[in-house]
Amino acid sequence: SQQGEEDPQALSIQEGENATMNCSYKTSINNLQWYRQNSGRGLVHLILIRSNEREKHSGRLRVTLDTSKKSSSLLITASRAADTASYFCATTYGNNRLAFGKGNQVVVIP
Amino acid sequence: DVKVTQSSRYLVKRTGEKVFLECVQDMDHENMFWYRQDPGLGLRLIYFSYDVKMKEKGDIPEGYSVSREKKERFSLILESASTNQTSMYLCATRGQGRYEQYFGPGTRLTVT
């Protein structure tokens, strides 16, 4: 069952701009993760935020978590062409299984 | 760095063939996973293994089986390939007590 659901959108931005994408989930969580997938490749783990955290930074990435609204956002600042990818949120359920959202396609135009 | 490799990037098989997809990891991770990824459906868990010779069904195990004889290797088997198994197959690993998963590059399987 899918518990993480991105706000399904394809985002096209200019290099240097910020990109924001959202994710909502249905049940209570211990943590939420974001992954990136370049075209035709495997997923790469970006960042994990725990349920008792509200915001977390990693380089140009900023993740927020609002457990009252069951939602998370991923912000990429000062985007680069190499940030062109699909971005997935994922929540843990059951025996440490991950449920992935459908993904957000981000295109950064040089 | 964790390295997860998959036996093929692209594979074309005929309906009814037995297909083996192999995944090998070099980080001594206990947990290994097989997903398939389809447009509009996202990633769906087929099977996972939490130890050698141990396996658990995921959300869509029908038509698949798995084998884990050694800790570093997790195989996905399509006993009799069908066209609806045309997909991108992704292997992943996870260390004990951790949450993040590490993915291989994927195998794009086409069944004709």
# chains A, B, ... in the order shown; residues from 1 in each chain; ligands from 1

$ residues_around --residues "B:Arg108" --least-positions-apart "4" --cutoff "10 Å" --atoms "only C-alpha atoms" --output "JSON, numbers by chain"
{"A": [40, 41], "B": [8, 9, 10, 11, 12, 36, 37, 86, 87, 88, 89, 90]}

$ residues_around --residues "B:Ile46" --least-positions-apart "2" --cutoff "9 Å" --atoms "only C-alpha atoms" --output "MDAnalysis selection string"
chainID B and resid 33:36 44 48 57:62 64:65

$ interface_residues --of "chain B" --to "chain A" --cutoff "7 Å" --atoms "only C-alpha atoms" --output "PyMOL selection string"
chain B and resi 40-43+90+100-106

$ write_last_selection --atoms "C-alpha atoms" --output "mmCIF file, in the first residue's frame"
data_model
loop_
_atom_site.group_PDB
_atom_site.id
_atom_site.type_symbol
_atom_site.label_atom_id
_atom_site.label_comp_id
_atom_site.auth_asym_id
_atom_site.auth_seq_id
_atom_site.Cartn_x
_atom_site.Cartn_y
_atom_site.Cartn_z
ATOM 1 C CA GLY B 40 1.940 5.821 -13.069
ATOM 2 C CA LEU B 41 2.291 3.065 -10.466
ATOM 3 C CA GLY B 42 5.551 4.046 -8.826
ATOM 4 C CA LEU B 43 7.749 1.507 -7.040
ATOM 5 C CA LEU B 90 15.261 -2.384 -8.968
ATOM 6 C CA GLU B 100 17.765 4.314 4.178
ATOM 7 C CA GLN B 101 17.924 1.945 1.236
ATOM 8 C CA TYR B 102 20.658 1.722 -1.379
ATOM 9 C CA PHE B 103 19.615 0.922 -4.905
ATOM 10 C CA GLY B 104 21.221 -0.785 -7.844
ATOM 11 C CA PRO B 105 21.097 0.781 -11.327
ATOM 12 C CA GLY B 106 18.045 -1.244 -12.380
#

$ closest_residue --among "B:Arg73, B:Asp38, B:Leu109, B:Arg98" --to "B:Val52" --atoms "only C-alpha atoms"
B:Arg73

$ atom_distance --atom1 "atom CA of B:Gln85" --atom2 "atom CA of B:Glu56"
19.8 Å

$ atom_distance --atom1 "atom CA of A:Lys56" --atom2 "atom CA of A:Ser73"
10.6 Å

$ residues_around --residues "B:Gln96" --least-positions-apart "5" --cutoff "8 Å" --atoms "only C-alpha atoms" --output "count of residues only"
3

$ select_by_dssp --residues "chain B" --states "strand (DSSP E or B)" --output "PyMOL selection string"
chain B and resi 4-6+10-13+19-25+31-38+42-51+54-57+64-70+73-78+87-94+102-103+107-111

$ residues_around --residues "B:Met32" --least-positions-apart "2" --cutoff "7 Å" --atoms "only C-alpha atoms" --output "MDAnalysis selection string"
chainID B and resid 30 48:50 74 92:94

$ write_last_selection --atoms "N, CA and C atoms" --output "PDB file, in the first residue's frame"
ATOM      1  N   GLU B  30      22.102  -6.839   5.813  1.00  0.00           N
ATOM      2  CA  GLU B  30      21.238  -7.996   6.066  1.00  0.00           C
ATOM      3  C   GLU B  30      20.006  -8.007   5.157  1.00  0.00           C
ATOM      4  N   PHE B  48      11.225  -9.285  -0.254  1.00  0.00           N
ATOM      5  CA  PHE B  48      12.449  -8.877   0.412  1.00  0.00           C
ATOM      6  C   PHE B  48      12.982 -10.011   1.271  1.00  0.00           C
ATOM      7  N   SER B  49      14.231  -9.855   1.662  1.00  0.00           N
ATOM      8  CA  SER B  49      14.913 -10.872   2.455  1.00  0.00           C
ATOM      9  C   SER B  49      15.646 -10.182   3.592  1.00  0.00           C
ATOM     10  N   TYR B  50      15.498 -10.701   4.809  1.00  0.00           N
ATOM     11  CA  TYR B  50      16.142 -10.075   5.963  1.00  0.00           C
ATOM     12  C   TYR B  50      17.308 -10.904   6.488  1.00  0.00           C
ATOM     13  N   PHE B  74      21.069 -11.664  -4.002  1.00  0.00           N
ATOM     14  CA  PHE B  74      19.614 -11.845  -3.917  1.00  0.00           C
ATOM     15  C   PHE B  74      19.093 -11.934  -5.335  1.00  0.00           C
ATOM     16  N   ALA B  92      17.507  -3.309  -3.967  1.00  0.00           N
ATOM     17  CA  ALA B  92      17.968  -2.379  -2.938  1.00  0.00           C
ATOM     18  C   ALA B  92      18.434  -3.153  -1.718  1.00  0.00           C
ATOM     19  N   THR B  93      19.279  -2.504  -0.924  1.00  0.00           N
ATOM     20  CA  THR B  93      19.744  -3.111   0.324  1.00  0.00           C
ATOM     21  C   THR B  93      19.561  -2.119   1.461  1.00  0.00           C
ATOM     22  N   ARG B  94      19.566  -2.652   2.664  1.00  0.00           N
ATOM     23  CA  ARG B  94      19.466  -1.798   3.845  1.00  0.00           C
ATOM     24  C   ARG B  94      20.201  -2.468   4.984  1.00  0.00           C
TER      25      ARG B  94
END

$ residues_around --residues "stretch 58-71 of chain A" --least-positions-apart "4" --cutoff "6 Å" --atoms "only C-alpha atoms" --output "count of residues only"
7

$ residues_around --residues "B:Leu21" --least-positions-apart "2" --cutoff "7 Å" --atoms "only C-alpha atoms" --output "list in words"
Ser7, Val19, Cys23, Ser75, Leu76 and Ile77 of chain B
